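Listing of work07.txt, compact mmCIF, C-alpha atoms
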# COMPACT_ATOMS: atom_id res chain seq x y z
CA MET E 1 9.11 7.80 259.95
CA THR E 2 11.07 8.14 256.73
CA SER E 3 9.64 6.85 253.45
CA THR E 4 10.95 3.59 252.04
CA ASP E 5 13.14 5.33 249.44
CA GLU E 6 14.84 7.55 252.03
CA THR E 7 18.09 6.56 253.68
CA PRO E 8 18.19 7.51 257.39
CA VAL E 9 20.76 10.18 258.13
CA ARG E 10 23.84 8.71 259.81
CA VAL E 11 25.05 10.78 262.77
CA GLY E 12 28.22 10.21 264.77
CA VAL E 13 29.08 11.76 268.13
CA PHE E 14 32.73 12.21 269.04
CA GLY E 15 34.78 13.01 272.13
CA LEU E 16 36.12 11.89 275.49
CA LEU E 17 32.71 10.47 276.35
CA GLY E 18 32.09 7.64 278.78
CA SER E 19 35.49 8.22 280.37
CA GLY E 20 34.30 9.24 283.82
CA ASN E 21 33.78 12.98 283.27
CA LEU E 22 30.17 13.83 284.12
CA GLY E 23 30.22 17.13 282.25
CA ASN E 24 31.26 15.52 278.97
CA ASP E 25 28.55 12.88 279.29
CA GLY E 26 25.99 15.54 280.17
CA SER E 27 26.79 17.36 276.92
CA LEU E 28 26.29 14.10 275.03
CA GLU E 29 22.97 13.52 276.81
CA ALA E 30 21.75 16.96 275.71
CA VAL E 31 22.65 16.34 272.05
CA LEU E 32 21.08 12.89 272.06
CA GLY E 33 17.91 14.44 273.49
CA TYR E 34 17.87 16.91 270.61
CA LEU E 35 18.45 14.18 268.02
CA ARG E 36 15.77 11.89 269.44
CA THR E 37 13.24 14.71 269.52
CA GLU E 38 13.98 16.50 266.24
CA HIS E 39 15.55 13.71 264.17
CA PRO E 40 14.20 10.40 265.48
CA GLU E 41 14.98 8.73 262.16
CA ALA E 42 18.72 9.37 262.56
CA VAL E 43 21.02 6.39 263.10
CA VAL E 44 23.45 7.42 265.84
CA ASP E 45 26.72 5.93 267.09
CA ALA E 46 29.85 7.20 268.86
CA LEU E 47 33.63 7.29 268.57
CA CYS E 48 34.64 7.92 272.16
CA GLY E 49 36.91 7.30 275.12
CA GLY E 50 34.66 4.85 276.98
CA PRO E 51 32.55 2.95 274.44
CA GLU E 52 31.21 0.36 276.88
CA ALA E 53 29.95 3.06 279.28
CA VAL E 54 28.36 5.06 276.45
CA THR E 55 26.54 2.03 275.06
CA THR E 56 25.35 0.92 278.50
CA ARG E 57 24.06 4.32 279.54
CA PHE E 58 22.83 5.85 276.28
CA GLY E 59 21.96 2.77 274.25
CA ILE E 60 23.97 3.63 271.12
CA PRO E 61 26.75 1.62 269.46
CA ALA E 62 30.20 2.99 270.27
CA THR E 63 33.76 2.50 269.07
CA ARG E 64 36.95 3.13 271.05
CA LEU E 65 38.57 6.46 270.15
CA HIS E 66 42.15 5.12 270.17
CA TRP E 67 43.54 1.89 268.77
CA TYR E 68 46.18 1.82 271.54
CA ARG E 69 44.45 1.21 274.87
CA GLY E 70 47.24 2.84 276.88
CA GLU E 71 46.93 6.18 275.06
CA TYR E 72 46.54 8.26 278.22
CA ARG E 73 49.15 6.44 280.28
CA THR E 74 52.69 7.80 280.37
CA ALA E 75 54.89 5.72 278.10
CA SER E 76 58.40 5.22 279.51
CA ARG E 77 59.49 1.85 278.12
CA ALA E 78 60.52 1.49 274.49
CA GLY E 79 57.71 -0.95 273.77
CA ALA E 80 55.05 1.42 275.07
CA VAL E 81 56.52 4.35 273.16
CA ALA E 82 56.53 2.29 269.96
CA ALA E 83 52.94 1.15 270.54
CA LYS E 84 51.83 4.75 271.03
CA GLY E 85 53.54 5.80 267.84
CA LEU E 86 51.97 2.93 265.91
CA GLY E 87 48.62 3.84 267.43
CA LYS E 88 48.87 7.36 266.00
CA LEU E 89 49.31 5.92 262.52
CA VAL E 90 46.56 3.33 262.90
CA ASP E 91 44.17 5.99 264.22
CA VAL E 92 44.52 7.95 260.97
CA PHE E 93 42.85 5.11 259.09
CA ARG E 94 40.42 4.12 261.89
CA THR E 95 39.15 7.68 262.25
CA ALA E 96 38.87 8.20 258.50
CA ALA E 97 36.92 4.96 258.06
CA TRP E 98 34.54 5.87 260.88
CA VAL E 99 33.94 9.41 259.63
CA ARG E 100 33.32 8.21 256.09
CA ARG E 101 30.34 6.13 257.26
CA HIS E 102 28.50 9.22 258.49
CA ASP E 103 26.63 12.17 257.02
CA VAL E 104 27.15 14.30 260.13
CA VAL E 105 29.48 14.13 263.13
CA ILE E 106 28.74 16.21 266.22
CA VAL E 107 31.29 17.10 268.88
CA PRO E 108 28.94 17.86 271.80
CA GLY E 109 30.20 20.72 273.94
CA MET E 110 33.26 20.10 276.13
CA GLY E 111 36.41 22.23 276.19
CA VAL E 112 37.77 20.66 273.03
CA LEU E 113 39.49 23.85 271.80
CA GLU E 114 41.27 24.72 275.03
CA ALA E 115 44.19 23.55 277.13
CA THR E 116 43.21 24.92 280.54
CA LEU E 117 44.04 21.53 282.07
CA PRO E 118 47.17 19.43 281.33
CA LEU E 119 47.03 18.29 277.71
CA ARG E 120 49.52 16.78 275.26
CA PRO E 121 49.21 17.78 271.58
CA TRP E 122 49.33 14.19 270.35
CA GLY E 123 46.46 13.15 272.61
CA PHE E 124 42.99 14.55 272.09
CA PRO E 125 44.01 17.57 269.93
CA TYR E 126 45.50 15.15 267.40
CA SER E 127 42.33 13.01 267.46
CA LEU E 128 40.15 16.07 266.91
CA PHE E 129 42.30 17.14 263.97
CA LEU E 130 41.99 13.67 262.40
CA LEU E 131 38.22 13.91 262.78
CA CYS E 132 37.88 17.34 261.18
CA ALA E 133 40.36 16.61 258.38
CA SER E 134 38.55 13.35 257.58
CA GLY E 135 35.25 15.20 257.52
CA ARG E 136 36.56 17.70 255.01
CA LEU E 137 38.11 14.91 252.89
CA PHE E 138 34.95 12.78 252.70
CA GLY E 139 32.30 15.50 252.73
CA THR E 140 31.01 14.59 256.19
CA ARG E 141 29.72 17.67 258.02
CA VAL E 142 31.58 18.02 261.35
CA ALA E 143 29.96 20.30 263.93
CA LEU E 144 31.64 21.70 267.04
CA VAL E 145 28.58 22.53 269.12
CA SER E 146 28.73 24.94 272.10
CA VAL E 147 32.39 24.08 272.67
CA GLY E 148 34.86 25.83 274.94
CA ALA E 149 38.03 27.44 273.62
CA ALA E 150 40.98 29.37 275.04
CA THR E 151 44.15 30.85 273.64
CA ILE E 152 46.82 28.13 273.66
CA GLY E 153 50.51 28.81 274.21
CA ASN E 154 51.96 25.45 273.19
CA ARG E 155 52.66 25.73 269.46
CA PRO E 156 51.88 22.14 268.31
CA THR E 157 48.64 22.08 270.32
CA ARG E 158 47.66 25.51 268.99
CA LEU E 159 48.24 24.44 265.38
CA LEU E 160 46.18 21.27 265.75
CA VAL E 161 43.32 23.11 267.46
CA ARG E 162 43.36 25.95 264.92
CA TRP E 163 43.19 23.60 261.95
CA SER E 164 40.52 21.47 263.58
CA ALA E 165 38.33 24.53 263.96
CA ARG E 166 39.03 25.74 260.42
CA LEU E 167 38.11 22.35 258.92
CA ALA E 168 34.81 21.99 260.82
CA ALA E 169 31.62 22.71 258.89
CA TYR E 170 29.86 24.28 261.88
CA ARG E 171 31.17 25.98 265.01
CA SER E 172 29.44 27.49 268.02
CA TYR E 173 30.88 28.41 271.40
CA ARG E 174 29.64 28.31 274.97
CA ASP E 175 30.81 31.86 275.73
CA ALA E 176 31.99 34.94 273.87
CA GLN E 177 35.56 34.67 275.11
CA SER E 178 35.85 31.22 273.47
CA ARG E 179 34.95 32.77 270.13
CA ASP E 180 37.39 35.62 270.80
CA ALA E 181 40.14 33.10 271.58
CA MET E 182 39.65 31.29 268.28
CA ARG E 183 39.66 34.59 266.41
CA ALA E 184 42.94 35.48 268.16
CA MET E 185 44.38 32.13 267.04
CA GLY E 186 43.61 32.85 263.39
CA VAL E 187 40.16 31.31 262.83
CA ASP E 188 37.53 33.27 260.90
CA THR E 189 34.64 33.42 263.39
CA ALA E 190 32.43 35.89 261.50
CA ARG E 191 29.63 33.32 261.11
CA ASP E 192 30.14 31.54 264.44
CA GLU E 193 27.53 31.99 267.16
CA VAL E 194 27.66 31.93 270.97
CA TYR E 195 25.14 29.87 272.93
CA PRO E 196 24.98 28.59 276.53
CA ASP E 197 26.65 25.32 277.48
CA LEU E 198 24.67 22.30 276.30
CA ALA E 199 24.08 21.17 279.88
CA PHE E 200 21.56 23.99 280.23
CA ALA E 201 19.32 21.98 277.88
CA LEU E 202 19.10 19.06 280.32
CA PRO E 203 16.00 18.52 282.49
CA THR E 204 16.14 20.27 285.84
CA PRO E 205 15.04 18.33 288.94
CA ARG E 206 11.95 19.68 290.65
CA ALA E 207 12.90 22.11 293.39
CA GLY E 208 11.75 21.45 296.92
CA ALA E 209 9.66 23.81 298.99
CA PRO E 210 11.28 27.19 299.79
CA SER E 211 13.36 27.04 302.95
CA ASP E 212 11.90 28.57 306.10
CA PRO E 213 13.95 31.69 307.00
CA SER E 214 13.54 30.84 310.69
CA ALA E 215 14.81 27.27 310.24
CA PRO E 216 18.46 26.33 310.88
CA PRO E 217 20.78 26.76 307.88
CA GLY E 218 20.68 23.88 305.41
CA PRO E 219 23.45 21.78 303.85
CA VAL E 220 26.31 23.14 301.78
CA CYS E 221 27.48 21.24 298.70
CA VAL E 222 31.22 21.48 298.04
CA GLY E 223 32.27 20.29 294.59
CA VAL E 224 35.93 19.22 294.50
CA MET E 225 38.49 18.48 291.81
CA ASP E 226 41.83 16.75 291.46
CA PHE E 227 43.29 20.11 290.52
CA HIS E 228 46.95 20.54 289.59
CA GLY E 229 46.79 23.69 287.50
CA GLY E 230 46.76 24.06 283.74
CA ASN E 231 48.84 23.04 280.77
CA ASP E 232 51.51 25.66 281.49
CA ASP E 233 51.72 24.84 285.22
CA ARG E 234 53.34 21.42 285.10
CA ALA E 235 56.41 22.52 287.06
CA GLN E 236 54.24 23.85 289.91
CA ALA E 237 51.52 21.19 289.70
CA GLU E 238 52.08 19.67 293.14
CA GLU E 239 52.34 23.05 294.85
CA ILE E 240 49.10 24.22 293.20
CA TYR E 241 47.32 21.05 294.26
CA ARG E 242 48.51 21.37 297.85
CA ARG E 243 47.38 25.01 298.12
CA TYR E 244 43.97 24.15 296.67
CA LEU E 245 43.50 21.12 298.92
CA ASP E 246 44.69 22.85 302.12
CA GLY E 247 42.46 25.86 301.49
CA THR E 248 39.45 23.65 300.79
CA ILE E 249 40.05 21.57 303.93
CA ARG E 250 40.26 24.73 306.05
CA PHE E 251 37.05 26.04 304.50
CA VAL E 252 35.14 22.81 305.09
CA GLY E 253 36.48 22.66 308.66
CA ALA E 254 35.26 26.21 309.33
CA LEU E 255 31.77 25.34 308.07
CA VAL E 256 31.67 22.31 310.37
CA GLN E 257 32.66 24.48 313.34
CA GLU E 258 29.63 26.63 312.51
CA GLY E 259 27.47 23.50 312.67
CA ARG E 260 26.84 23.31 308.93
CA SER E 261 26.52 19.95 307.20
CA VAL E 262 28.74 19.59 304.13
CA ARG E 263 28.13 17.30 301.17
CA LEU E 264 31.22 16.61 299.03
CA LEU E 265 30.62 16.17 295.29
CA THR E 266 32.83 15.12 292.38
CA GLY E 267 32.65 15.65 288.63
CA ASP E 268 35.14 13.05 287.45
CA GLU E 269 36.31 9.67 288.73
CA CYS E 270 39.76 11.12 289.46
CA ASP E 271 38.29 13.46 292.09
CA ALA E 272 37.72 10.61 294.56
CA SER E 273 41.20 11.05 296.07
CA VAL E 274 40.37 14.66 296.98
CA VAL E 275 37.17 13.57 298.71
CA ALA E 276 39.13 10.97 300.68
CA ALA E 277 41.72 13.55 301.75
CA ILE E 278 39.05 15.97 303.01
CA LEU E 279 37.14 13.25 304.89
CA ASP E 280 40.41 12.18 306.51
CA ALA E 281 41.34 15.72 307.53
CA VAL E 282 37.89 16.84 308.71
CA ASP E 283 36.72 13.92 310.82
CA SER E 284 33.09 14.85 311.46
CA PRO E 285 29.70 13.24 310.89
CA LEU E 286 28.62 16.56 309.41
CA VAL E 287 30.81 15.88 306.34
CA THR E 288 29.54 13.25 303.92
CA ALA E 289 30.26 12.37 300.31
CA ALA E 290 27.96 11.61 297.39
CA GLU E 291 28.79 9.33 294.46
CA PRO E 292 27.08 11.02 291.50
CA SER E 293 27.05 9.14 288.21
CA SER E 294 25.48 11.89 286.07
CA LEU E 295 24.77 15.59 285.97
CA ALA E 296 21.21 14.71 287.00
CA ASP E 297 22.59 13.21 290.23
CA LEU E 298 24.63 16.36 290.83
CA MET E 299 21.62 18.59 290.23
CA LYS E 300 19.52 16.60 292.70
CA GLU E 301 22.18 17.07 295.37
CA MET E 302 22.50 20.78 294.66
CA ALA E 303 18.76 21.39 294.50
CA ALA E 304 18.56 20.13 298.09
CA ALA E 305 21.35 22.44 299.28
CA ASP E 306 21.18 26.00 300.58
CA THR E 307 24.45 26.94 298.91
CA VAL E 308 27.12 25.42 296.64
CA VAL E 309 30.87 25.99 296.47
CA ALA E 310 32.44 24.30 293.45
CA ILE E 311 35.43 24.26 291.14
CA ARG E 312 34.54 22.07 288.15
CA TYR E 313 32.82 23.93 285.34
CA HIS E 314 29.88 21.55 285.06
CA ASN E 315 29.43 21.44 288.82
CA LEU E 316 28.91 25.19 288.60
CA ILE E 317 26.39 24.70 285.80
CA CYS E 318 24.46 22.14 287.84
CA ALA E 319 24.15 24.59 290.73
CA LEU E 320 23.17 27.44 288.42
CA LYS E 321 20.56 25.29 286.64
CA THR E 322 18.88 24.46 289.93
CA SER E 323 18.93 28.19 290.87
CA THR E 324 21.08 27.41 293.90
CA PRO E 325 23.46 30.24 294.88
CA VAL E 326 27.01 29.13 294.08
CA LEU E 327 30.49 30.38 294.86
CA ALA E 328 33.00 29.45 292.16
CA LEU E 329 36.60 28.42 292.65
CA CYS E 330 37.84 29.51 289.23
CA TYR E 331 40.77 27.80 287.52
CA ALA E 332 40.11 29.26 284.05
CA ALA E 333 38.46 32.30 282.56
CA LYS E 334 35.51 30.18 281.39
CA SER E 335 34.26 29.92 284.99
CA ASP E 336 34.43 33.68 285.54
CA ALA E 337 32.56 34.23 282.26
CA LEU E 338 29.85 31.73 283.21
CA MET E 339 29.33 33.28 286.63
CA THR E 340 29.16 36.79 285.19
CA GLU E 341 26.66 35.72 282.53
CA MET E 342 24.42 34.21 285.22
CA GLY E 343 24.61 37.28 287.48
CA LEU E 344 27.05 35.92 290.09
CA GLY E 345 30.28 37.50 288.89
CA ALA E 346 31.05 38.85 292.37
CA TYR E 347 31.26 35.33 293.79
CA CYS E 348 34.44 34.01 292.19
CA HIS E 349 37.59 32.91 294.01
CA PRO E 350 40.95 31.84 292.46
CA ALA E 351 41.42 28.07 292.62
CA ARG E 352 45.21 28.44 292.53
CA GLU E 353 45.25 30.65 295.63
CA VAL E 354 42.47 29.41 297.88
CA ASP E 355 42.30 31.71 300.93
CA ALA E 356 39.93 30.05 303.38
CA ASP E 357 39.25 33.25 305.34
CA ARG E 358 38.41 35.24 302.21
CA LEU E 359 36.39 32.33 300.87
CA LEU E 360 34.32 32.31 304.06
CA GLU E 361 33.67 36.04 303.74
CA GLN E 362 32.41 35.54 300.20
CA PHE E 363 30.34 32.57 301.31
CA TRP E 364 28.53 34.52 304.04
CA ALA E 365 27.94 37.42 301.64
CA LEU E 366 26.47 35.00 299.10
CA GLU E 367 24.11 33.47 301.63
CA LYS E 368 22.81 36.89 302.70
CA ARG E 369 21.63 37.47 299.13
CA SER E 370 20.29 33.96 298.62
CA ALA E 371 16.63 34.79 297.90
CA GLU E 372 17.53 37.58 295.47
CA LEU E 373 20.08 35.44 293.64
CA ARG E 374 17.70 32.51 293.30
CA GLN E 375 15.27 34.78 291.48
CA THR E 376 18.04 36.08 289.23
CA LEU E 377 19.12 32.53 288.37
CA THR E 378 15.56 31.48 287.55
CA GLU E 379 15.33 34.31 285.02
CA ARG E 380 18.76 33.59 283.51
CA ASN E 381 17.93 29.88 283.17
CA LEU E 382 14.81 30.69 281.16
CA ALA E 383 16.89 32.85 278.84
CA ALA E 384 19.49 30.08 278.43
CA ALA E 385 16.79 27.55 277.52
CA ARG E 386 15.44 29.87 274.82
CA GLN E 387 18.93 30.40 273.40
CA LEU E 388 19.61 26.67 273.21
CA GLU E 389 16.30 26.08 271.45
CA HIS E 390 17.48 28.57 268.83
CA GLN E 391 20.83 26.76 268.66
CA PHE E 392 19.17 23.42 267.93
CA ASN E 393 17.03 25.01 265.21
CA SER E 394 20.18 26.48 263.66
CA LEU E 395 21.91 23.12 263.91
CA THR E 396 19.08 21.42 262.04
CA ALA E 397 19.24 24.02 259.26
CA ALA E 398 23.03 23.67 258.97
CA LEU E 399 23.43 19.91 259.27
CA PHE E 400 20.11 18.34 258.27
CA PRO E 401 18.74 20.43 255.39
CA ALA E 402 17.00 17.48 253.74
CA ALA E 403 15.54 16.27 257.03
CA ASP E 404 14.44 19.80 257.87
CA HIS E 405 12.54 19.94 254.58
CA VAL E 406 10.90 16.58 255.29
CA HIS E 407 9.86 17.71 258.80
CA THR E 408 8.39 20.94 257.43
CA SER E 409 6.46 19.06 254.75
CA ARG E 410 5.00 16.62 257.28
CA LYS E 411 3.77 19.44 259.49
CA ALA E 412 1.97 21.13 256.60
CA PRO E 413 -1.80 20.43 256.37
What would the structure in this file look like if it were written as structure tokens?
Amino acid sequence: MTSTDETPVRVGVFGLLGSGNLGNDGSLEAVLGYLRTEHPEAVVDALCGGPEAVTTRFGIPATRLHWYRGEYRTASRAGAVAAKGLGKLVDVFRTAAWVRRHDVVIVPGMGVLEATLPLRPWGFPYSLFLLCASGRLFGTRVALVSVGAATIGNRPTRLLVRWSARLAAYRSYRDAQSRDAMRAMGVDTARDEVYPDLAFALPTPRAGAPSDPSAPPGPVCVGVMDFHGGNDDRAQAEEIYRRYLDGTIRFVGALVQEGRSVRLLTGDECDASVVAAILDAVDSPLVTAAEPSSLADLMKEMAAADTVVAIRYHNLICALKTSTPVLALCYAAKSDALMTEMGLGAYCHPAREVDADRLLEQFWALEKRSAELRQTLTERNLAAARQLEHQFNSLTAALFPAADHVHTSRKAP
């Protein structure tokens, strides 16, 4: 407890949280776990995409990120365009007022400094810039914690992302190539560190008993995504989606022909249409679908599987955390980097050019090395946990110097 003359530190969390993306919410869960363990006196609230969902699930007050509720809908009518424009102006003052109430604001993980999926500059990049600029203006420490970054081609988006990073008081990245990308975009990264994704700090479900080598092969989890390419692929979006979906359907169908049971998994609410398309195309009782509501749900599914094939970044992390061999459909360099770091760099397949026959070859090769790879993943997970413990210690020193002093004093005899 804090003494009566101490004011509890006020901490905000910021991002597209509570909006249906399980990976984003998993990153928030990890940061809240850190705050509740190391800084239980902190008063925490959120500025986020889905405030009702965040409050219901995590028990913290939350405010809607955008004044205009239709921010992420395409505006075609004059009234909607005008409302969006007004919203941008109103959000300047809303964001500034929210930031000013806090001592610290944490952006927990997520790919906030990248545009590997379709992204408009005046959407989230603009919101992130308002946050970081407000932090610098009012002396609120803004921390970008284990975030993802990538070199951005679109000039307005690149400028907003670059200045957001420059204005933040603390930056760390979830892989080395993210730090390299920010350096290439003109950010001084000399004092920035690289740590694993925050989801590696989440509890891991207890693994079941080792599978009997003489038993029939177990289930395969296939994580899917409503994938239409990246920010620079808008003209080919439908073609990319069709190639990905057709290749995935062929792969699932081939597994069913081999008598394997397949469990379809999502990582965002928008992925449900892909699940429906696969179930419609592969009409078999061997193919079922889960409805995960958290990364914990995903990890439980993957811990029960023999093998995982997945495309979403945090689906890959869930498989890796449970030490389940995983084959990655990679749509961005971050997935290749993650797989290489965890010792599975040979098991990557391009999401834009899914070749079902080649994917099957990689799948069988992965399964042959299952026992060896599970041991490798167990070792890499232990290393990731140690790195994140160091990250949280560094975060306390950077953002909570007064609290750190109080904690040290209390522990002294």
Figure out the distance between CA of Thr95 (chain E) and CA of Gly12 (chain E), please, to one decimal in Å.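 Answer for the CA of Gly12 (chain E) to CA of Thr95 (chain E) separation: 11.5 Å.
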Can you pull out every residue within 9 Å of Val9 (chain E), counting all atoms listed in the file, but drop anything in the same chain fewer than 3 positions away, and send it as a ChimeraX atom specification? /E:6,39,41-44,102-104,400,403
If you keep C-alpha atoms, can you produce a file of those selected residues as a PDB file, keeping the file's coordinate frame?
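The resulting file, part-v2.pdb, is shown below:
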ATOM      1  CA  GLU E   6      14.840   7.550 252.030  1.00  0.00           C
ATOM      2  CA  HIS E  39      15.550  13.710 264.170  1.00  0.00           C
ATOM      3  CA  GLU E  41      14.980   8.730 262.160  1.00  0.00           C
ATOM      4  CA  ALA E  42      18.720   9.370 262.560  1.00  0.00           C
ATOM      5  CA  VAL E  43      21.020   6.390 263.100  1.00  0.00           C
ATOM      6  CA  VAL E  44      23.450   7.420 265.840  1.00  0.00           C
ATOM      7  CA  HIS E 102      28.500   9.220 258.490  1.00  0.00           C
ATOM      8  CA  ASP E 103      26.630  12.170 257.020  1.00  0.00           C
ATOM      9  CA  VAL E 104      27.150  14.300 260.130  1.00  0.00           C
ATOM     10  CA  PHE E 400      20.110  18.340 258.270  1.00  0.00           C
ATOM     11  CA  ALA E 403      15.540  16.270 257.030  1.00  0.00           C
TER      12      ALA E 403
END
Near region 167-172 of chain E, within 7 Å and counting all atoms listed in the file, which residues show up once chain neighbours fewer than 3 positions away are dropped, as number ranges by chain? E: 132-133, 136, 141-147, 163-164, 192-195
Who sits within 9 Å of Arg166 (chain E), all atoms listed in the file, same chain under 6 positions skipped, as a PyMOL selection string: chain E and resi 132+186-188
In terms of the shortest atom-to-atom distance over all atoms listed in the file, which of E:Ser335, E:Thr378, E:Asn154, E:Thr322 is closest to Asn231 (chain E)? E:Asn154
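Atom pair CA of Leu128 (chain E) / CA of Ala199 (chain E): separated by 21.3 Å.
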